[in-house]
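Colleague: Compact mmCIF, C-alpha atoms, saved as entry_4.txt, coming up:
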# COMPACT_ATOMS: atom_id res chain seq x y z
CA MET V 3 126.34 24.96 73.40
CA THR V 4 122.61 25.00 72.94
CA ALA V 5 120.79 21.69 73.07
CA VAL V 6 119.28 20.42 69.86
CA LEU V 7 115.63 20.46 70.82
CA PRO V 8 113.28 17.94 69.28
CA GLU V 9 111.20 20.67 67.67
CA GLU V 10 109.58 18.57 64.99
CA PHE V 11 108.21 16.14 67.54
CA ALA V 12 107.75 18.25 70.63
CA HIS V 13 105.90 21.03 68.83
CA ASP V 14 103.44 18.61 67.34
CA PRO V 15 101.15 17.24 70.05
CA ILE V 16 100.45 13.93 68.33
CA ALA V 17 102.50 11.96 65.84
CA SER V 18 104.07 14.32 63.35
CA HIS V 19 105.05 13.73 59.78
CA SER V 20 108.51 13.08 61.16
CA ALA V 21 107.24 10.27 63.33
CA ARG V 22 105.91 8.45 60.31
CA PHE V 23 109.41 7.60 59.22
CA PRO V 24 111.40 8.08 62.39
CA LEU V 25 115.16 8.22 62.17
CA GLY V 26 117.57 8.24 65.06
CA GLN V 27 119.86 11.23 65.23
CA VAL V 28 123.43 10.73 64.23
CA ALA V 29 125.68 11.20 67.25
CA GLY V 30 126.93 14.73 67.62
CA PRO V 31 128.35 17.08 70.23
CA LEU V 32 126.91 16.60 73.70
CA SER V 33 124.70 19.34 75.05
CA GLN V 34 126.38 21.46 77.67
CA ASP V 35 123.10 22.94 78.92
CA ARG V 36 122.77 23.19 82.67
CA PRO V 37 119.69 22.02 84.60
CA SER V 38 117.12 24.70 85.32
CA PRO V 39 116.33 25.64 88.92
CA ARG V 40 113.92 23.48 90.89
CA GLY V 41 110.42 24.55 89.99
CA VAL V 42 111.36 25.42 86.46
CA ARG V 43 112.79 22.02 85.66
CA PRO V 44 110.12 19.35 85.06
CA TRP V 45 109.56 17.34 88.24
CA GLY V 46 110.01 14.10 86.34
CA LEU V 47 113.67 14.89 85.85
CA VAL V 48 114.42 14.95 89.58
CA ALA V 49 115.70 11.39 89.44
CA MET V 50 118.05 11.97 86.50
CA ARG V 51 121.55 10.81 87.34
CA PRO V 52 124.66 10.56 85.18
CA ALA V 53 124.98 7.12 83.64
CA ARG V 54 127.82 5.06 85.06
CA ALA V 55 129.47 4.88 81.67
CA GLN V 56 129.79 7.82 79.34
CA GLY V 57 130.80 7.78 75.71
CA ASP V 58 130.18 5.02 73.26
CA PRO V 59 133.19 2.71 73.15
CA VAL V 60 131.60 0.06 70.97
CA ARG V 61 130.47 2.42 68.26
CA GLU V 62 133.89 4.04 68.37
CA ALA V 63 135.74 0.75 68.07
CA PHE V 64 133.67 -0.88 65.32
CA THR V 65 132.76 0.12 61.81
CA TYR V 66 130.38 -1.19 59.23
CA ASP V 67 131.75 -3.63 56.66
CA SER V 68 129.75 -3.41 53.44
CA ILE V 69 130.83 -6.87 52.26
CA THR V 70 129.60 -8.86 55.24
CA GLN V 71 126.97 -6.24 56.14
CA THR V 72 128.10 -6.49 59.74
CA SER V 73 130.36 -4.56 62.10
CA VAL V 74 134.05 -5.29 62.54
CA ASP V 75 136.90 -3.78 64.51
CA ALA V 76 140.16 -2.45 63.08
CA ALA V 77 141.57 -5.98 62.95
CA GLY V 78 138.53 -7.27 61.09
CA ARG V 79 137.06 -9.11 64.06
CA PRO V 80 133.24 -9.23 64.00
CA LEU V 81 131.32 -7.38 66.66
CA VAL V 82 129.19 -10.46 67.30
CA THR V 83 132.23 -12.39 68.50
CA SER V 84 133.49 -9.62 70.76
CA GLY V 85 131.12 -10.30 73.62
CA ALA V 86 129.91 -6.71 73.50
CA THR V 87 126.23 -6.29 74.11
CA ALA V 88 125.85 -3.17 71.99
CA ASN V 89 122.28 -2.84 70.82
CA LYS V 90 121.14 -5.94 72.62
CA VAL V 91 120.33 -4.65 76.08
CA THR V 92 117.73 -2.26 77.34
CA SER V 93 119.12 0.64 79.35
CA ASN V 94 122.04 -1.32 80.67
CA ASP V 95 123.74 1.77 82.01
CA GLY V 96 126.94 -0.18 81.73
CA ASP V 97 129.80 -0.25 79.34
CA GLU V 98 127.99 -0.01 76.05
CA GLY V 99 127.12 3.64 75.82
CA PRO V 100 123.65 4.76 74.92
CA SER V 101 121.46 1.74 74.39
CA GLU V 102 118.14 2.88 75.75
CA ASP V 103 115.01 1.41 74.36
CA TYR V 104 113.74 4.67 73.03
CA THR V 105 116.30 4.57 70.28
CA TYR V 106 114.39 1.65 68.89
CA ASP V 107 110.88 2.16 70.13
CA PHE V 108 110.68 5.55 68.64
CA CYS V 109 113.40 7.59 67.08
CA PRO V 110 112.32 11.02 65.87
CA ASP V 111 114.76 12.90 63.72
CA SER V 112 115.82 15.28 66.43
CA PRO V 113 115.85 13.60 69.81
CA TYR V 114 118.20 14.72 72.50
CA PRO V 115 121.75 14.41 71.26
CA VAL V 116 123.30 11.18 72.49
CA MET M 6 112.64 -12.13 47.17
CA SER M 7 114.88 -10.21 49.51
CA VAL M 8 114.87 -8.85 53.05
CA LEU M 9 115.66 -5.20 53.64
CA ILE M 10 117.12 -4.34 57.04
CA LEU M 11 117.10 -0.67 57.96
CA ALA M 12 119.58 -0.33 60.80
CA GLU M 13 122.43 1.79 62.03
CA ASP M 14 126.00 0.83 61.21
CA VAL M 15 127.05 -0.71 64.51
CA ASP M 16 124.39 -3.03 65.87
CA ALA M 17 125.27 -6.49 67.13
CA THR M 18 121.70 -7.77 66.93
CA ALA M 19 121.37 -6.62 63.33
CA ASP M 20 124.67 -8.38 62.60
CA GLU M 21 123.28 -11.63 63.95
CA VAL M 22 120.07 -11.35 61.97
CA VAL M 23 122.08 -10.72 58.79
CA ARG M 24 124.06 -13.84 59.55
CA ALA M 25 120.95 -15.90 60.32
CA LEU M 26 119.33 -14.87 57.05
CA GLY M 27 122.54 -15.80 55.24
CA GLU M 28 122.43 -19.23 56.84
CA ARG M 29 118.91 -19.58 55.43
CA ALA M 30 120.14 -18.54 51.98
CA VAL M 31 117.82 -15.52 52.04
CA PRO M 32 119.07 -12.48 50.11
CA VAL M 33 119.46 -9.63 52.59
CA HIS M 34 120.27 -5.97 52.12
CA ARG M 35 121.26 -3.95 55.14
CA VAL M 36 120.92 -0.21 54.68
CA ASN M 37 121.38 2.76 56.98
CA THR M 38 119.43 5.84 55.96
CA ALA M 39 122.32 7.89 57.38
CA TRP M 40 124.14 7.00 54.17
CA PHE M 41 121.71 9.21 52.25
CA PRO M 42 122.42 11.09 50.03
CA SER M 43 126.14 10.55 49.48
CA GLN M 44 126.24 6.75 49.81
CA LEU M 45 122.61 5.89 49.26
CA ARG M 46 120.63 6.80 46.18
CA LEU M 47 117.02 6.24 45.26
CA ASP M 48 115.61 5.91 41.78
CA ALA M 49 111.95 4.97 42.01
CA ARG M 50 109.08 5.19 39.59
CA LEU M 51 105.39 4.64 40.16
CA GLN M 52 104.35 1.80 37.92
CA GLY M 53 101.01 0.07 38.18
CA HIS M 54 100.12 -0.23 41.84
CA ARG M 55 103.58 0.10 43.33
CA TRP M 56 106.89 1.87 43.37
CA THR M 57 109.55 0.19 41.32
CA GLY M 58 113.21 0.98 40.95
CA VAL M 59 116.35 0.71 42.97
CA LEU M 60 118.02 1.68 46.16
CA GLN M 61 121.71 1.91 45.40
CA THR M 62 124.76 1.92 47.67
CA PRO M 63 128.38 1.79 46.52
CA SER M 64 128.38 -1.97 46.97
CA ARG M 65 124.74 -3.01 46.75
CA ARG M 66 121.71 -2.65 44.52
CA VAL M 67 118.30 -3.21 46.08
CA GLU M 68 115.50 -3.86 43.60
CA LEU M 69 112.41 -2.46 45.27
CA GLU M 70 110.11 -4.99 43.58
CA GLU M 71 112.04 -7.85 45.15
CA VAL M 72 111.70 -6.71 48.75
CA THR M 73 109.31 -9.04 50.55
CA ALA M 74 110.13 -8.11 54.15
CA VAL M 75 111.55 -5.11 55.95
CA TRP M 76 113.01 -5.07 59.44
CA TYR M 77 112.78 -1.49 60.63
CA ARG M 78 115.45 -1.71 63.27
CA SER M 79 116.95 1.71 63.98
CA PRO M 80 118.01 3.62 60.87
CA ARG M 81 119.67 6.96 61.45
CA ALA M 82 118.98 10.46 60.21
CA TYR M 83 120.13 11.54 56.77
CA ARG M 84 123.49 13.30 56.55
CA PHE M 85 123.59 16.23 54.18
CA PRO M 86 126.59 18.14 52.86
CA SER M 87 128.12 20.46 55.42
CA GLY M 88 127.81 23.46 53.10
CA LEU M 89 124.03 23.62 53.44
CA SER M 90 122.44 26.37 55.50
CA ASP M 91 120.10 25.34 58.31
CA ALA M 92 117.08 26.20 56.19
CA GLU M 93 118.44 24.26 53.24
CA ARG M 94 119.25 21.30 55.46
CA ALA M 95 115.73 21.28 56.90
CA HIS M 96 114.32 21.44 53.39
CA ALA M 97 116.51 18.58 52.18
CA ALA M 98 115.63 16.47 55.23
CA LEU M 99 111.91 16.94 54.74
CA GLU M 100 112.09 16.19 51.04
CA ALA M 101 114.11 13.05 51.77
CA LYS M 102 111.66 11.97 54.45
CA TYR M 103 108.71 12.27 52.13
CA GLY M 104 110.65 10.97 49.15
CA LEU M 105 112.90 8.14 50.35
CA GLY M 106 110.88 7.51 53.50
CA GLY M 107 107.63 7.63 51.59
CA VAL M 108 108.72 5.21 48.90
CA LEU M 109 110.09 2.74 51.44
CA ALA M 110 107.09 3.03 53.76
CA SER M 111 104.78 2.18 50.86
CA LEU M 112 106.56 -1.05 49.92
CA PRO M 113 104.04 -3.93 49.96
CA ALA M 114 106.23 -6.07 52.20
CA LEU M 115 106.00 -7.68 55.61
CA TRP M 116 107.07 -4.89 57.97
CA VAL M 117 108.65 -5.69 61.31
CA ASN M 118 107.38 -3.20 62.24
CA HIS M 119 106.03 -0.52 59.96
CA PRO M 120 107.47 2.83 61.10
CA ALA M 121 104.06 4.43 61.35
CA ARG M 122 102.99 1.66 63.72
CA LEU M 123 106.13 2.27 65.77
CA ALA M 124 105.08 5.88 66.09
CA ASP M 125 101.60 4.91 67.25
CA ALA M 126 102.97 2.40 69.74
CA ALA M 127 105.34 4.94 71.29
CA TYR M 128 102.47 6.53 73.18
CA LYS M 129 102.28 4.88 76.59
CA PRO M 130 98.74 6.08 77.34
CA VAL M 131 97.63 4.43 74.11
CA GLN M 132 99.42 1.24 75.12
CA LEU M 133 97.87 1.13 78.58
CA VAL M 134 94.29 1.73 77.55
CA THR M 135 94.53 -0.65 74.60
CA ALA M 136 96.05 -3.35 76.80
CA ARG M 137 93.22 -2.98 79.28
CA ARG M 138 90.66 -3.24 76.47
CA CYS M 139 92.39 -6.46 75.44
CA GLY M 140 91.73 -7.93 78.85
CA LEU M 141 95.22 -7.53 80.29
CA ASN M 142 95.72 -6.45 83.88
CA VAL M 143 97.02 -2.88 83.87
CA PRO M 144 97.93 -0.89 87.01
CA ASP M 145 95.87 2.14 87.91
CA THR M 146 97.62 5.06 86.29
CA LEU M 147 97.48 8.84 86.57
CA ILE M 148 98.79 11.31 84.00
CA THR M 149 98.66 14.85 85.26
CA GLN M 150 100.29 18.21 85.86
CA ASP M 151 98.45 18.62 89.13
CA ALA M 152 100.32 18.18 92.41
CA GLY M 153 97.09 17.67 94.36
CA ALA M 154 96.04 14.85 92.05
CA VAL M 155 99.40 13.13 92.57
CA ARG M 156 99.14 13.33 96.35
CA LEU M 157 95.55 12.07 96.32
CA PHE M 158 96.56 9.14 94.11
CA ALA M 159 99.51 8.34 96.35
CA GLU M 160 97.31 8.34 99.45
CA GLU M 161 95.34 5.47 97.94
CA GLY M 162 98.36 3.17 97.78
CA ALA M 163 102.07 2.83 97.10
CA SER M 164 102.92 4.54 93.84
CA VAL M 165 105.76 4.92 91.40
CA THR M 166 106.60 7.45 88.76
CA LYS M 167 108.25 6.77 85.46
CA LEU M 168 108.82 8.77 82.34
CA LEU M 169 106.39 8.62 79.46
CA GLY M 170 109.05 8.87 76.80
CA SER M 171 112.80 8.72 76.88
CA ASN M 172 114.46 7.90 80.18
CA THR M 173 117.63 9.60 79.08
CA LEU M 174 118.76 13.19 78.84
CA VAL M 175 122.01 14.82 77.82
CA GLU M 176 123.10 17.97 79.60
CA GLN M 177 126.32 19.30 81.09
CA GLY M 178 128.13 17.07 78.63
CA LEU M 179 126.80 13.98 80.36
CA ARG M 180 124.30 11.30 79.47
CA LYS M 181 121.84 10.97 82.31
CA LEU M 182 119.32 8.25 83.08
CA ALA M 183 116.23 7.98 85.25
CA PHE M 184 114.56 4.74 86.21
CA THR M 185 111.25 4.04 87.90
CA GLN M 186 111.02 5.81 91.26
CA LEU M 187 108.95 4.86 94.28
CA LEU M 188 107.13 7.92 95.59
CA ASP M 189 107.97 8.49 99.21
CA ARG M 190 106.96 11.16 101.70
CA ASP M 191 109.90 13.40 100.85
CA GLY M 192 109.23 13.16 97.16
CA LEU M 193 105.58 13.97 97.56
CA ALA M 194 106.37 16.96 99.75
CA ASP M 195 108.14 18.75 96.93
CA LEU M 196 106.38 18.45 93.61
CA ARG M 197 107.66 21.71 92.18
CA GLY M 198 107.90 21.52 88.42
CA ILE M 199 105.07 19.04 88.03
CA GLU M 200 103.00 21.70 86.30
CA VAL M 201 105.63 22.15 83.60
CA THR M 202 104.58 19.07 81.68
CA THR M 203 102.60 15.86 82.02
CA HIS M 204 103.81 13.23 84.47
CA LEU M 205 102.89 9.58 84.86
CA VAL M 206 102.22 8.12 88.29
CA GLN M 207 101.26 4.49 88.61
CA ARG M 208 100.20 2.14 91.37
CA TRP M 209 103.09 0.02 92.61
CA VAL M 210 102.46 -3.64 91.86
CA PRO M 211 103.77 -6.16 94.43
CA LYS M 212 106.38 -8.14 92.57
CA ALA M 213 107.66 -11.69 92.68
CA TYR M 214 109.61 -11.12 89.48
CA GLU M 215 109.32 -9.35 86.14
CA VAL M 216 108.92 -10.74 82.67
CA ARG M 217 110.09 -9.56 79.30
CA LEU M 218 107.80 -11.22 76.81
CA ILE M 219 109.18 -11.31 73.28
CA VAL M 220 106.61 -11.77 70.54
CA ILE M 221 107.92 -12.53 67.07
CA GLY M 222 105.11 -13.30 64.66
CA THR M 223 103.17 -16.01 66.46
CA GLU M 224 106.09 -17.07 68.68
CA PHE M 225 105.89 -16.11 72.36
CA THR M 226 109.01 -16.25 74.55
CA ALA M 227 108.70 -15.16 78.17
CA ALA M 228 111.84 -14.54 80.19
CA ALA M 229 111.52 -14.10 83.94
CA ILE M 230 113.86 -11.42 85.24
CA ARG M 231 114.70 -11.93 88.89
CA SER M 232 116.51 -9.02 90.45
CA ALA M 233 118.77 -9.43 93.45
CA THR M 234 119.08 -5.81 94.54
CA PRO M 235 116.53 -3.27 95.84
CA GLN M 236 117.19 -1.01 92.88
CA GLY M 237 116.73 -3.87 90.45
CA HIS M 238 113.57 -4.97 92.24
CA LEU M 239 112.10 -1.54 91.57
CA ASP M 240 113.27 -1.39 87.95
CA TRP M 241 115.28 -4.26 86.47
CA ARG M 242 116.82 -1.94 83.89
CA ALA M 243 118.82 -0.40 86.71
CA ASP M 244 120.62 -3.64 87.54
CA HIS M 245 121.25 -5.85 84.56
CA ASP M 246 124.31 -7.44 86.07
CA GLY M 247 122.51 -8.54 89.21
CA ALA M 248 119.50 -10.09 87.51
CA GLY M 249 118.88 -13.76 86.84
CA TYR M 250 116.96 -14.96 83.81
CA ASP M 251 114.93 -18.08 83.06
CA LEU M 252 112.21 -18.99 80.63
CA VAL M 253 108.65 -19.28 81.94
CA PRO M 254 105.38 -20.26 80.26
CA THR M 255 103.02 -17.51 79.17
CA PRO M 256 99.56 -17.94 80.73
CA ALA M 257 96.86 -18.57 78.15
CA ALA M 258 94.88 -15.45 79.09
CA VAL M 259 97.99 -13.26 78.78
CA ARG M 260 98.85 -14.81 75.47
CA SER M 261 95.36 -14.18 74.18
CA GLY M 262 95.34 -10.57 75.36
CA VAL M 263 98.78 -9.86 73.94
CA ALA M 264 97.86 -11.41 70.60
CA GLU M 265 94.84 -9.11 70.41
CA LEU M 266 96.98 -6.13 71.44
CA MET M 267 99.51 -6.93 68.73
CA GLN M 268 96.73 -7.22 66.18
CA ILE M 269 95.11 -3.93 67.14
CA MET M 270 98.46 -2.13 67.10
CA ASP M 271 99.38 -3.92 63.87
CA LEU M 272 102.72 -5.15 65.20
CA ARG M 273 104.68 -8.24 64.16
CA TYR M 274 107.31 -7.83 66.83
CA ALA M 275 107.23 -6.47 70.37
CA ALA M 276 109.00 -6.75 73.70
CA LEU M 277 106.45 -6.45 76.48
CA ASP M 278 107.16 -5.89 80.15
CA PHE M 279 105.08 -7.46 82.89
CA VAL M 280 105.20 -7.68 86.65
CA VAL M 281 104.29 -11.07 88.06
CA THR M 282 102.81 -10.72 91.53
CA PRO M 283 103.52 -13.13 94.40
CA GLY M 284 100.09 -14.58 93.61
CA GLY M 285 101.12 -15.30 90.04
CA GLU M 286 99.09 -12.59 88.34
CA TRP M 287 100.68 -11.00 85.27
CA VAL M 288 100.35 -7.20 85.19
CA PHE M 289 101.11 -5.33 81.99
CA LEU M 290 103.54 -2.42 82.17
CA GLU M 291 104.34 -1.56 78.59
CA ILE M 292 104.85 -2.74 75.06
CA ASN M 293 108.09 -1.83 73.30
CA ALA M 294 107.51 -2.14 69.58
CA GLY M 295 111.22 -1.92 68.92
CA GLY M 296 112.52 -3.20 72.23
CA GLN M 297 115.76 -5.09 72.63
CA PHE M 298 115.84 -8.88 72.75
CA GLY M 299 119.42 -9.93 71.97
CA TRP M 300 120.43 -10.23 75.58
CA ILE M 301 117.42 -12.38 76.37
CA GLN M 302 118.67 -14.92 73.85
CA GLU M 303 122.15 -14.79 75.36
CA ARG M 304 120.89 -15.23 78.91
CA THR M 305 118.27 -17.91 78.24
CA GLY M 306 119.24 -19.61 75.00
CA ALA M 307 115.84 -18.88 73.45
CA PRO M 308 116.24 -18.91 69.64
CA LEU M 309 114.96 -15.36 69.08
CA ILE M 310 117.35 -14.43 66.28
CA GLY M 311 116.28 -17.52 64.40
CA GLN M 312 112.61 -16.76 64.98
CA LEU M 313 113.03 -13.27 63.58
CA ALA M 314 115.03 -14.53 60.61
CA ASP M 315 112.32 -17.11 59.88
CA LEU M 316 109.60 -14.45 60.06
CA LEU M 317 111.50 -12.13 57.72
CA ALA M 318 112.29 -15.00 55.37
CA ARG M 319 108.63 -15.85 55.04
CA GLY M 320 107.79 -12.22 54.28
CA ILE M 321 105.07 -11.55 51.78
CA ARG M 322 105.39 -13.73 48.73
Represent the supplied structure as structure tokens.

Modeller:
Amino acid sequence: MTAVLPEEFAHDPIASHSARFPLGQVAGPLSQDRPSPRGVRPWGLVAMRPARAQGDPVREAFTYDSITQTSVDAAGRPLVTSGATANKVTSNDGDEGPSEDYTYDFCPDSPYPV
Amino acid sequence: MSVLILAEDVDATADEVVRALGERAVPVHRVNTAWFPSQLRLDARLQGHRWTGVLQTPSRRVELEEVTAVWYRSPRAYRFPSGLSDAERAHAALEAKYGLGGVLASLPALWVNHPARLADAAYKPVQLVTARRCGLNVPDTLITQDAGAVRLFAEEGASVTKLLGSNTLVEQGLRKLAFTQLLDRDGLADLRGIEVTTHLVQRWVPKAYEVRLIVIGTEFTAAAIRSATPQGHLDWRADHDGAGYDLVPTPAAVRSGVAELMQIMDLRYAALDFVVTPGGEWVFLEINAGGQFGWIQERTGAPLIGQLADLLARGIR
């Protein structure tokens, strides 16, 4: 599968029209692209390592409840009482799936699929 | 009056802010732009000096004229019908961005933060130079594609490299992360690929502990983050579990500089990261205009959710 490249943002050297109302990408299939050879791959990616936890168990286990305007699990238990730290922690690399700051600092329409 | 929260569906911090606003008897509407167009409809008309009309979901009607504050948390991309071609989907997305996004972005409300300001604040070079102009201590920093420049910079003192944008990447079906890296001899010997794009190299700052400073309106809350592991000492994000947290006072000069920085960047909320040296000097690393804060409240007891709810409740009246 080909990665969904952030064309709108990456091809515009400064803030694009997209950036003026940035929206995080809805989760989709994970890119299966392989790293390029050393020398082709940007040096800054040398330190990239797989996160300890893959997937997104919290988002999979909870859904939005339009009455309370909060998230609940299948039994109706609120996310806030579950002890989960989803969307509270910066780059925890733990059990909460993707929660990196960039999602909130800046979320162009087509970031890397997460 | 009402508060509009633009957030994704599953977000524990957004849940708590909804609850806090409810406790204050403030009408709140939580909307995810990913519901557009099937579950979210806009009907807006330019009247006088503003857009009027409604934002409608199956269970909620948001009167645009009543919105006095907006928390731009992390709304998600629009979802269009699967039958659209790629070109049609791109067209629909752009029209929705200018249409729905444009109407919302023009609401005369208190924005925490306005999305355009989030976009401006995403640029780390802008952050660093603005922070320095505001009198904050900022480490010497190099942004380059040149291997020779990196080696010369590193010869002048211990240096680290960190990414300018996202520290995550998805490839091979895996989510990958990269944290701040100390540049050592081996790393400097092989800089292949540095010419491919810009890279940030920064002087390593001797560290007693780090601080995440949460600014909500005029409230400053500084949490010291004390890492117990070498990896966490280099970058606390790499070792949440091993870190200890406690509240510390914000020095007056830092507070003054940060207040000016927030004003220049037109931000009402930010999570700033500092290194505190063994000598007690605060050194600015970055400002996260949409950074996380929920876990700081949990670890320290600081009433951040309440502060944000109070700010949104005040709004623009």

Colleague: Go through V:Phe23, V:Leu32, V:Tyr66, V:Arg61 one by one, measure the shortest atom-to-atom distance of each to M:Val36 using only C-alpha atoms, and give the residue with the smallest value.

Modeller: V:Tyr66

Colleague: Tell me, as a list in words, which residues lie within 8 Å of V:Leu81, counting all atoms listed in the file; anything in the same chain fewer than 3 positions away does not count.

Modeller: Phe64, Thr72, Ser73, Val74, Asp75, Ser84, Gly85 and Ala86 of chain V; Ala17 and Asp20 of chain M

Colleague: Write down, as a compact mmCIF listing (two decimals) with C-alpha atoms, keeping the file's coordinate frame, each residue of chain M that has any atom within 7 Å of an atom of chain V, counting all atoms listed in the file.

Modeller:
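Wrote result15.txt, looks like this:
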# COMPACT_ATOMS: atom_id res chain seq x y z
CA ASP M 14 126.00 0.83 61.21
CA VAL M 15 127.05 -0.71 64.51
CA ASP M 16 124.39 -3.03 65.87
CA ALA M 17 125.27 -6.49 67.13
CA THR M 18 121.70 -7.77 66.93
CA ASP M 20 124.67 -8.38 62.60
CA GLU M 21 123.28 -11.63 63.95
CA ARG M 35 121.26 -3.95 55.14
CA SER M 64 128.38 -1.97 46.97
CA ARG M 78 115.45 -1.71 63.27
CA SER M 79 116.95 1.71 63.98
CA PRO M 80 118.01 3.62 60.87
CA ARG M 81 119.67 6.96 61.45
CA ALA M 82 118.98 10.46 60.21
CA LYS M 102 111.66 11.97 54.45
CA GLY M 106 110.88 7.51 53.50
CA PRO M 120 107.47 2.83 61.10
CA ALA M 121 104.06 4.43 61.35
CA LEU M 123 106.13 2.27 65.77
CA ALA M 124 105.08 5.88 66.09
CA ALA M 127 105.34 4.94 71.29
CA LEU M 168 108.82 8.77 82.34
CA SER M 171 112.80 8.72 76.88
CA LEU M 174 118.76 13.19 78.84
CA VAL M 175 122.01 14.82 77.82
CA GLU M 176 123.10 17.97 79.60
CA GLN M 177 126.32 19.30 81.09
CA GLY M 178 128.13 17.07 78.63
CA LEU M 179 126.80 13.98 80.36
CA ARG M 180 124.30 11.30 79.47
CA LYS M 181 121.84 10.97 82.31
CA LEU M 182 119.32 8.25 83.08
CA ALA M 183 116.23 7.98 85.25
CA LEU M 196 106.38 18.45 93.61
CA ARG M 197 107.66 21.71 92.18
CA GLY M 198 107.90 21.52 88.42
CA ILE M 199 105.07 19.04 88.03
CA VAL M 201 105.63 22.15 83.60
CA THR M 202 104.58 19.07 81.68
CA HIS M 204 103.81 13.23 84.47
CA ARG M 242 116.82 -1.94 83.89
CA ALA M 243 118.82 -0.40 86.71
CA HIS M 245 121.25 -5.85 84.56
CA ASN M 293 108.09 -1.83 73.30
CA ALA M 294 107.51 -2.14 69.58
CA GLY M 295 111.22 -1.92 68.92
CA GLY M 296 112.52 -3.20 72.23
CA GLN M 297 115.76 -5.09 72.63
CA PHE M 298 115.84 -8.88 72.75
CA GLY M 299 119.42 -9.93 71.97
CA TRP M 300 120.43 -10.23 75.58

Colleague: Just how far from atom CA of M:Ile269 is atom CA of M:Val143, in Å to one decimal?

Modeller: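 Atom CA of M:Ile269 lies 16.9 Å from atom CA of M:Val143.
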
Colleague: Figure out the distance between atom CA of M:Gln186 and atom CA of M:Asp244, please, to one decimal in Å.

Modeller: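 Computing it gives 14.0 Å between the two atoms.
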
Colleague: Mind dumping a table of every stretch 179-283 of chain M residue within 6 Å of stretch 144-163 of chain M, with the nearest atom pair and its distance in Å to one decimal, using only C-alpha atoms, sorted by chain and rising number, as a Markdown table?

Modeller:
| residue | atom | partner | partner_atom | distance |
| --- | --- | --- | --- | --- |
| M:Ile199 | CA | M:Gln150 | CA | 5.3 |
| M:Glu200 | CA | M:Gln150 | CA | 4.4 |
| M:Thr203 | CA | M:Gln150 | CA | 5.1 |
| M:His204 | CA | M:Ile148 | CA | 5.4 |
| M:Leu205 | CA | M:Ile148 | CA | 4.5 |
| M:Val206 | CA | M:Leu147 | CA | 5.1 |
| M:Gln207 | CA | M:Thr146 | CA | 4.4 |
| M:Arg208 | CA | M:Asp145 | CA | 5.5 |
| M:Trp209 | CA | M:Ala163 | CA | 5.4 |

Colleague: Residues at most 12 Å from M:His54, counting all atoms listed in the file, excluding those fewer than 6 positions away in the same chain, as a compact mmCIF listing (two decimals) with C-alpha atoms, in the frame of the given file?

Modeller:
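Below you can see out.txt, which holds the result:
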# COMPACT_ATOMS: atom_id res chain seq x y z
CA GLU M 70 110.11 -4.99 43.58
CA SER M 111 104.78 2.18 50.86
CA LEU M 112 106.56 -1.05 49.92
CA PRO M 113 104.04 -3.93 49.96

Colleague: What's the separation between atom CA of M:Glu93 and atom CA of M:Leu105, in Å to one decimal place?

Modeller: 17.3 Å

Colleague: Could you check the closest approach to M:Pro256 for each of M:Asp271, M:Asp48, M:Glu286, M:Asp125 and tell me which residue wins, using only C-alpha atoms?

Modeller: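 Of M:Asp271, M:Asp48, M:Glu286, M:Asp125, the one nearest M:Pro256, counting only C-alpha atoms, is M:Glu286.
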
Colleague: Let me have the centre and edge lengths of the axis-aligned box enclosing all listed atoms of stretch 221-227 of chain M with 4 Å padding on every side, in Å to one decimal, as JSON.

Modeller:
{"center_x": 106.1, "center_y": -14.8, "center_z": 71.4, "size_x": 13.8, "size_y": 12.5, "size_z": 21.5}

Colleague: So that I can check the surroundings of M:Ile292, please list as number ranges by chain every protein, DNA and RNA residue that reaches within 8 Å of it, counting all atoms listed in the file and ignoring chain neighbours fewer than 3 positions away.

Modeller: M: 126, 132, 275-278
